[in-house]
There are 2 protein chains.
Amino acid sequence: MKVLVTGAGGFIGTVLLQLLQQAGQVGSQPITALAALDRQLPPLPGTVERIEGELQDAQVQARIASFAADVCFHLAALPGGAAEADPALSRRVNLDATLDLFASLVAERAASARPPVVVYASTIAVYGTPLSDPVTPVTPTRPALIYGAHKRACEILLADATRRGQLDGRSLRLPGIVARPRVASGLVSAFMSELMHALAAGEAVTLPVGPQATAWWMSAQRCAENLLHAATMDPALDTDGHSERTWAMPVLRLSMLQMVETLSALYGVDGRTLVRYARQEQVEAVFGRYPVLDDAIARRLGLRDDGSAEELVRRALFPFSCASRTSSFVA
Amino acid sequence: MKVLVTGAGGFIGTVLLQLLQQAGQVGSQPITALAALDRQLPPLPGTVERIEGELQDAQVQARIASFAADVCFHLAALPGGAAEADPALSRRVNLDATLDLFASLVAERAASARPPVVVYASTIAVYGTPLSDPVTPVTPTRPALIYGAHKRACEILLADATRRGQLDGRSLRLPGIVARPRVASGLVSAFMSELMHALAAGEAVTLPVGPQATAWWMSAQRCAENLLHAATMDPALDTDGHSERTWAMPVLRLSMLQMVETLSALYGVDGRTLVRYARQEQVEAVFGRYPVLDDAIARRLGLRDDGSAEELVRRALFPFSCASRTSSFVA
């Protein structure tokens, strides 16, 4: 089984690549070739084929075609803020190049071969804001960012390519993922990752939302595990048929206070003194009022959240460590 | 006000162009220039600017940019059957060229100018089959044809361009429109138009659905009137806010028997002997089980159906004739 990861140098792509190398297989099929695609790639083991370049470049697309992946995890994207700042570039990367990728995946494939599996990293940004409560599989999408609009368009066109038997698409709508590296990203939502890094280091932190603000949480490790699972899960288990091959990832819905208390207990710090709440109404409206997510269908397909706040923290800060290490966190 | 019609040589475009020329204005604004775009155009009055060529041609896009329309009615498309037979061409015409059109409309426009109005002819094919009962503004879209998938993608991206203040988009989901010219079109749904032509001519006709089969009906004239109205209607009247600037056109939901009886009375023919029902289960499943359409919001915005079966027949077979002529139909 030949596996391609786009966006392999990114936050989630790095974790997914590591997971694929550890697992050595997708479902029960051994991985015979693994290719990593990104604009820039860190050093990788020699067995990983490196495809460095812009997704929209013809040469990159040609290499995708000749690699002839059986499974493609498509994570490469121009992020929300950058897309909003340059709508034409968002079209080239998040729409055109994605559709070119879909075409490249089948370009050199025998007509008799099984259609390549595409696990597409979509986004909860397809719902827009404010989120309806609850969010269900039939919640109408109303993207409020061009990033979400292009992702939604690709979900629809991947479902169509699946209907036509060209690809075997599985779109997963990703929530914000923690814990992003502790560098200035310009993302307003960075406070979620910063809260974890700060309390783990015993440092003070100021949140732009109140203690009762609720968010959807998922570690990069669980996200990568879900993406891997999505490649072999049986979409027919979605008997409700509303999905268009599109599912929101199950999430933990936790308040800031719950996270502060979890981190305080795990790291033996006093969150009540370290955390200051400087509530900004606009930030809380977008990032602090996540409603209930009806993810029963996604769970039926075997997709999972992190299990508990404690497990979330462990996976987010120490991906691939053993579960039994959790207790050793307390100083 | 400068007005551009794409697909102006087509079935609906021809009627819309005629309506625009008769009206001489859009809302209360006089039309100062009118451009017609299509692959091939019939002879047109000298005051209409002709843009002949493929929508995806760079030269055509350049002429669109320099025309700098205030209102664009975008009807040009590769139809459903042709799109399904050539998915790559559907992408070029129904997605790429449509997004290029959106870009061309603003390319040479002053930043201070009002965003151009785009009335986009979408399709009820975005819902897929079978249609949920009833179809409402929050019915999930599940296109079952690449034509519907590309139209849905463009609805989303037109809504996004509207959100960004680049365009002022209004997408209308068109039902099947009658009465298409009596030539072999290859469309399975052609039986709806053929029924009207045949009974009006006193000829026998065989329908692939039963007498109780229900369909959504609309004349090309009413469709064109709705498209024209859409250019000036106030989207803010959609207070439910579910729309993404997208509305299904209100329709008459009539059974075949109702249409046969209406045509029989209007034309003084015996529909019971002229019409044979050779019901095909598959055809009836797609074209004979149209559910109730909840079009309350579209009606609030001023969109209309044909009013009655009699008016539908009059407008479908004699566009732009006076209402008072209806009675003279009976031989």
# chains A, B, ... in the order shown; residues from 1 in each chain; ligands from 1
>>> select_by_dssp(residues="segment 161-318 of chain B", states="strand (DSSP E or B)", output="ChimeraX atom specification")
/B:168-174,178,205-207,214-217,219,246-248,252-255,275-277,289,293
>>> residues_around(residues="Ala65 of chain A", least_positions_apart="2", cutoff="8 Å", atoms="only C-alpha atoms", output="list in words")
Gln61, Ala62, Arg63, Phe67, Ala68, Ser104, Leu105, Val106, Ala107 and Glu108 of chain A
>>> write_last_selection(atoms="N, CA, C and O atoms", output="CSV table (one decimal), in the first residue's frame")
chain,number,residue,atom,x,y,z
A,61,GLN,N,2.5,18.1,-9.1
A,61,GLN,CA,1.3,17.3,-9.5
A,61,GLN,C,1.8,16.1,-10.3
A,61,GLN,O,1.2,15.0,-10.1
A,62,ALA,N,2.8,16.3,-11.1
A,62,ALA,CA,3.3,15.1,-11.9
A,62,ALA,C,3.9,14.0,-11.0
A,62,ALA,O,3.8,12.8,-11.3
A,63,ARG,N,4.6,14.5,-10.0
A,63,ARG,CA,5.2,13.5,-9.1
A,63,ARG,C,4.1,12.8,-8.3
A,63,ARG,O,4.2,11.6,-8.0
A,67,PHE,N,3.7,8.7,-8.4
A,67,PHE,CA,3.7,8.0,-7.1
A,67,PHE,C,2.5,7.0,-7.0
A,67,PHE,O,2.7,5.9,-6.5
A,68,ALA,N,1.4,7.4,-7.6
A,68,ALA,CA,0.2,6.5,-7.7
A,68,ALA,C,-0.2,6.0,-6.3
A,68,ALA,O,-0.2,4.8,-6.1
A,104,SER,N,-4.7,14.2,-10.2
A,104,SER,CA,-3.4,13.6,-10.3
A,104,SER,C,-3.4,12.2,-9.7
A,104,SER,O,-2.7,11.3,-10.1
A,105,LEU,N,-4.2,12.0,-8.6
A,105,LEU,CA,-4.2,10.7,-8.0
A,105,LEU,C,-4.8,9.6,-8.9
A,105,LEU,O,-4.4,8.4,-8.6
A,106,VAL,N,-5.6,9.9,-9.8
A,106,VAL,CA,-6.1,8.9,-10.7
A,106,VAL,C,-5.5,8.9,-12.1
A,106,VAL,O,-5.8,8.1,-12.9
A,107,ALA,N,-4.6,9.9,-12.4
A,107,ALA,CA,-4.1,10.2,-13.7
A,107,ALA,C,-3.4,8.9,-14.3
A,107,ALA,O,-3.6,8.6,-15.4
A,108,GLU,N,-2.6,8.3,-13.5
A,108,GLU,CA,-1.7,7.2,-14.0
A,108,GLU,C,-2.2,5.9,-13.4
A,108,GLU,O,-1.4,4.9,-13.3
>>> interface_residues(of="chain B", to="chain A", cutoff="8 Å", atoms="only C-alpha atoms", output="VMD selection string")
chain B and resid 138 to 140 142 to 146 149 to 150 152 to 153 156 to 157 160 163 242 244
>>> write_last_selection(atoms="N, CA and C atoms", output="tab-separated table (two decimals), in the first residue's frame")
chain	number	residue	atom	x	y	z
B	138	VAL	N	-33.52	24.69	4.78
B	138	VAL	CA	-32.41	24.03	5.48
B	138	VAL	C	-32.23	22.57	5.04
B	139	THR	N	-32.93	22.18	3.97
B	139	THR	CA	-32.71	20.83	3.44
B	139	THR	C	-31.25	20.68	3.04
B	140	PRO	N	-30.56	19.65	3.57
B	140	PRO	CA	-29.15	19.46	3.17
B	140	PRO	C	-29.06	19.17	1.68
B	142	ARG	N	-27.33	17.28	-1.39
B	142	ARG	CA	-26.59	16.04	-1.66
B	142	ARG	C	-26.61	15.79	-3.15
B	143	PRO	N	-25.94	16.63	-3.94
B	143	PRO	CA	-26.05	16.50	-5.39
B	143	PRO	C	-25.69	15.10	-5.88
B	144	ALA	N	-26.47	14.59	-6.81
B	144	ALA	CA	-26.25	13.25	-7.35
B	144	ALA	C	-25.74	13.31	-8.78
B	145	LEU	N	-25.37	14.50	-9.23
B	145	LEU	CA	-24.77	14.71	-10.56
B	145	LEU	C	-23.64	15.72	-10.37
B	146	ILE	N	-22.59	15.60	-11.17
B	146	ILE	CA	-21.48	16.55	-11.04
B	146	ILE	C	-21.97	17.96	-11.38
B	149	ALA	N	-23.21	19.28	-8.24
B	149	ALA	CA	-22.09	19.50	-7.31
B	149	ALA	C	-21.35	20.80	-7.65
B	150	HIS	N	-21.09	21.03	-8.93
B	150	HIS	CA	-20.40	22.26	-9.33
B	150	HIS	C	-21.29	23.48	-9.10
B	152	ARG	N	-23.53	23.76	-6.75
B	152	ARG	CA	-23.53	23.99	-5.31
B	152	ARG	C	-22.25	24.68	-4.86
B	153	ALA	N	-21.12	24.25	-5.43
B	153	ALA	CA	-19.84	24.88	-5.08
B	153	ALA	C	-19.87	26.36	-5.44
B	156	ILE	N	-21.88	28.48	-3.02
B	156	ILE	CA	-21.12	28.74	-1.79
B	156	ILE	C	-20.08	29.84	-2.02
B	157	LEU	N	-19.40	29.78	-3.17
B	157	LEU	CA	-18.33	30.75	-3.41
B	157	LEU	C	-18.88	32.11	-3.81
B	160	ASP	N	-19.72	33.63	-0.60
B	160	ASP	CA	-18.50	34.11	0.07
B	160	ASP	C	-18.02	35.42	-0.54
B	163	ARG	N	-20.16	38.03	0.95
B	163	ARG	CA	-19.73	38.33	2.33
B	163	ARG	C	-18.53	39.26	2.33
B	242	HIS	N	-31.06	31.56	6.65
B	242	HIS	CA	-30.51	30.24	6.36
B	242	HIS	C	-29.92	30.16	4.96
B	244	GLU	N	-27.63	31.57	2.72
B	244	GLU	CA	-26.40	31.74	1.94
B	244	GLU	C	-26.71	32.42	0.60
>>> closest_residue(among="B:Pro211, B:Pro175, B:Pro181, B:Gly53", to="Ala316 of chain B", atoms="only C-alpha atoms")
B:Pro181
>>> residues_around(residues="Phe11 of chain B", least_positions_apart="4", cutoff="9 Å", atoms="only C-alpha atoms", output="list in words")
Gly7, Val15, Arg180, Pro181 and Ala220 of chain B
>>> closest_residue(among="B:Leu75, B:Met1, B:Leu174, B:Val60", to="Thr14 of chain B", atoms="only C-alpha atoms")
B:Leu75
>>> closest_residue(among="B:Val209, B:Leu199, B:Ala278, B:Met259", to="Ser308 of chain B", atoms="only C-alpha atoms")
B:Met259
>>> select_by_dssp(residues="segment 108-295 of chain A", states="alpha helix (DSSP H)", output="ChimeraX atom specification")
/A:146-163,190-200,220-232,256-267,271-274,281-287
>>> residues_around(residues="Gly288 of chain B", least_positions_apart="4", cutoff="6 Å", atoms="only C-alpha atoms", output="PyMOL selection string")
chain B and resi 213-215+284
>>> closest_residue(among="B:Ala33, B:Ala230, B:Leu237, B:Ala77", to="Glu49 of chain B", atoms="only C-alpha atoms")
B:Ala33
>>> atom_distance(atom1="atom CA of Met233 of chain A", atom2="atom CA of Leu37 of chain A")
24.0 Å
>>> residues_around(residues="Thr6 of chain B", least_positions_apart="6", cutoff="10 Å", atoms="only C-alpha atoms", output="JSON, numbers by chain")
{"B": [13, 17, 35, 36, 37, 38, 39, 51, 52, 55, 64, 72, 73, 74, 75, 76, 77, 101, 120]}
>>> write_last_selection(atoms="N, CA and C atoms", output="JSON list (two decimals), in the first residue's frame")
[["chain", "number", "residue", "atom", "x", "y", "z"],
["B", 13, "GLY", "N", -32.14, 31.99, -21.54],
["B", 13, "GLY", "CA", -31.45, 33.23, -21.84],
["B", 13, "GLY", "C", -32.15, 34.04, -22.92],
["B", 17, "LEU", "N", -33.41, 37.78, -22.29],
["B", 17, "LEU", "CA", -32.93, 38.89, -23.11],
["B", 17, "LEU", "C", -34.11, 39.69, -23.66],
["B", 35, "ALA", "N", -25.33, 43.42, -22.87],
["B", 35, "ALA", "CA", -24.42, 42.51, -23.56],
["B", 35, "ALA", "C", -24.94, 41.09, -23.45],
["B", 36, "ALA", "N", -24.84, 40.35, -24.56],
["B", 36, "ALA", "CA", -25.28, 38.96, -24.60],
["B", 36, "ALA", "C", -24.08, 38.08, -24.89],
["B", 37, "LEU", "N", -23.87, 37.07, -24.06],
["B", 37, "LEU", "CA", -22.72, 36.18, -24.21],
["B", 37, "LEU", "C", -23.21, 34.75, -24.41],
["B", 38, "ASP", "N", -22.67, 34.09, -25.42],
["B", 38, "ASP", "CA", -22.94, 32.66, -25.60],
["B", 38, "ASP", "C", -21.96, 32.13, -26.63],
["B", 39, "ARG", "N", -21.88, 30.79, -26.71],
["B", 39, "ARG", "CA", -20.99, 30.19, -27.72],
["B", 39, "ARG", "C", -21.44, 30.60, -29.11],
["B", 51, "ILE", "N", -21.11, 39.02, -27.42],
["B", 51, "ILE", "CA", -19.84, 38.39, -26.99],
["B", 51, "ILE", "C", -19.97, 36.91, -27.30],
["B", 52, "GLU", "N", -19.44, 36.51, -28.46],
["B", 52, "GLU", "CA", -19.55, 35.11, -28.87],
["B", 52, "GLU", "C", -18.26, 34.38, -28.53],
["B", 55, "LEU", "N", -17.12, 30.56, -22.55],
["B", 55, "LEU", "CA", -17.01, 31.33, -21.31],
["B", 55, "LEU", "C", -15.60, 31.24, -20.73],
["B", 64, "ILE", "N", -15.62, 40.56, -20.89],
["B", 64, "ILE", "CA", -16.50, 40.70, -19.72],
["B", 64, "ILE", "C", -15.95, 41.78, -18.79],
["B", 72, "CYS", "N", -25.07, 41.08, -13.69],
["B", 72, "CYS", "CA", -24.79, 39.93, -14.56],
["B", 72, "CYS", "C", -25.77, 38.81, -14.25],
["B", 73, "PHE", "N", -26.49, 38.37, -15.27],
["B", 73, "PHE", "CA", -27.31, 37.17, -15.15],
["B", 73, "PHE", "C", -26.48, 36.02, -15.69],
["B", 74, "HIS", "N", -26.06, 35.11, -14.82],
["B", 74, "HIS", "CA", -25.15, 34.05, -15.26],
["B", 74, "HIS", "C", -25.94, 32.74, -15.48],
["B", 75, "LEU", "N", -26.24, 32.48, -16.75],
["B", 75, "LEU", "CA", -27.02, 31.30, -17.12],
["B", 75, "LEU", "C", -26.18, 30.26, -17.86],
["B", 76, "ALA", "N", -25.03, 30.65, -18.40],
["B", 76, "ALA", "CA", -24.23, 29.72, -19.20],
["B", 76, "ALA", "C", -23.77, 28.55, -18.35],
["B", 77, "ALA", "N", -23.94, 27.34, -18.89],
["B", 77, "ALA", "CA", -23.52, 26.14, -18.16],
["B", 77, "ALA", "C", -23.45, 24.97, -19.12],
["B", 101, "LEU", "N", -15.42, 34.19, -14.25],
["B", 101, "LEU", "CA", -16.42, 35.24, -14.54],
["B", 101, "LEU", "C", -16.58, 36.15, -13.33],
["B", 120, "TYR", "N", -27.39, 34.30, -10.22],
["B", 120, "TYR", "CA", -26.80, 33.04, -10.65],
["B", 120, "TYR", "C", -27.89, 31.97, -10.80]]
